[in-house]
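Inspection log for the structure reproduced underneath, given as C-alpha cells.
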Amino acid sequence: MSDAAHTDNDSHEGPIRTPKQLVVTVVAAFVLPVVIIIMLINFVASDTKPAAGSEGLSAEAVARRIAPVGVSEFKDPGDVKSMKTGEQVFQAQCAACHNTGAAGAPKLGDEAAWSARIKTGLDALLGSSLKGKGNMPPQGGGDHSDFEIARAVVFMANKSGAKFDEPKPPAAAASAAAAK
Ligand code: HEC
C-alpha cells in the first residue's frame, strides 16, 4: 500500500477514466453480446446449410439419395433396338454370381452344373430367373424386361451346353401369334 506511484485516490478508481472510455465501454458491452448471439445463431443453424462448394444438400442430390430402389421405367416392349442383348444383360446383372459361382450359382460354361437344369427346358429356367430361385432374387435383382431376361437366360444356357433359340421380341411374337 505504500506504492509511491499510487495515491489512495488512484487505487479506488476503475479502469474508466475519461468520458470517451465510458462511451466505448457502454457500446462494447451492448454490441459484443449481440455479435456473439448472432454468431451462435449462425452456428446452430449451420447444419442445414450446405458446405461451401458442396451440392450434397441440393434438392436434386437429396432426391437422388432418397429415391425408391425399385423405380420402374416404361419401356416400349416392341422397341427391340433399345433392348439389351443377352450378353449385355448377363454382364450387367448376372455375371456377379454366374461368373464366379457366388451364392452357389451355376457358372457360365460349366456344362456339368447346367445340364440337369437345361433339361428342365427354357420355360422353367426363364421362370426361375423371373421369379427367383434359391439364393437368386427375381431377375437376379435387376430391372429388365422379361424379354431381356429371356435373352440373358438363352445366352447363359447356350454358353453352357444348351441349344435354345434366341427368344423372339414380344411384338414379333405377338404379331406371329396373330398371324396364325
Ligand atoms: C445373387 C446372385 C445371382 C444373380 C445376380 C443371378 N443369379 Fe441366377 N442363380 C443364382 C443361384 C444361387 C442359382 C441356383 C439356384 C438354385 O438352384 O437354388 C441360380 C440359378 C439360375 C438359373 C437356373 C434356374 C433353374 O431353374 O435351375 C438360371 C436360368 C439363372 N440363374 C439365370 C440368371 C439370370 C438370367 C440372371 C441375370 C439376369 C441371374 N441368374 C442372376 C444366383 C444368381
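Residue numbering restarts at 1 in every chain; chains get A, B, ... in the order shown in the C-alpha cells, and ligands count up from 1 in that same order.
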Practice problem: Select the residues contacting ligand 1 at a distance of at most 7 Å, based on only C-alpha atoms and all ligand atoms, then format the selection as a PyMOL selection string. | Solution: chain A and resi 89-90+93-98+102-106+117+124-126+128-129+133-137+139-142+149-150+152-153
Quiz item: In region 44-136 of chain A, what's helix (DSSP H, G or I) per DSSP? Answer as a count of residues only?
Solution: 51
Practice problem: Identify, on the basis of only C-alpha atoms, every residue whose closest approach to Glu166 (chain A) does not exceed 9 Å; exclude the query and any residue fewer than 2 positions from it along the same chain; express the result as JSON, numbers by chain. | Solution: {"A": [150, 151, 154, 155, 164, 168]}
Quiz item: CA of Asp146 (chain A) and CA of Arg64 (chain A) are how many Å apart?
Solution: 26.3 Å
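In this structure, CA of Glu148 (chain A) sits 10.5 Å away from CA of Ser82 (chain A).
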Practice problem: Name the closest residue to Asp143 (chain A) among the candidates A:Pro19, A:Gly86, A:Gly70, A:Gly127; distances are taken between atoms, counting only C-alpha atoms. | Solution: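 That would be A:Gly70, the residue with the smallest distance to Asp143 (chain A).
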Quiz prompt | Contacts of Glu111 (chain A) at 7 Å (only C-alpha atoms; same-chain gap of 4+ positions) as a ChimeraX atom specification | solution = /A:115,160-161
Saved selection, atoms kept: N, CA and C atoms, as a tab-separated table (two decimals), in the first residue's frame:
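Okay, part.tsv is ready:
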```tsv
chain	number	residue	atom	x	y	z
A	115	SER	N	-26.31	-79.01	-67.05
A	115	SER	CA	-27.02	-79.98	-67.91
A	115	SER	C	-28.37	-80.36	-67.32
A	160	SER	N	-23.41	-72.79	-72.02
A	160	SER	CA	-23.19	-73.86	-71.04
A	160	SER	C	-23.74	-75.19	-71.53
A	161	GLY	N	-23.87	-75.31	-72.85
A	161	GLY	CA	-24.22	-76.60	-73.41
A	161	GLY	C	-25.61	-76.72	-74.00
```
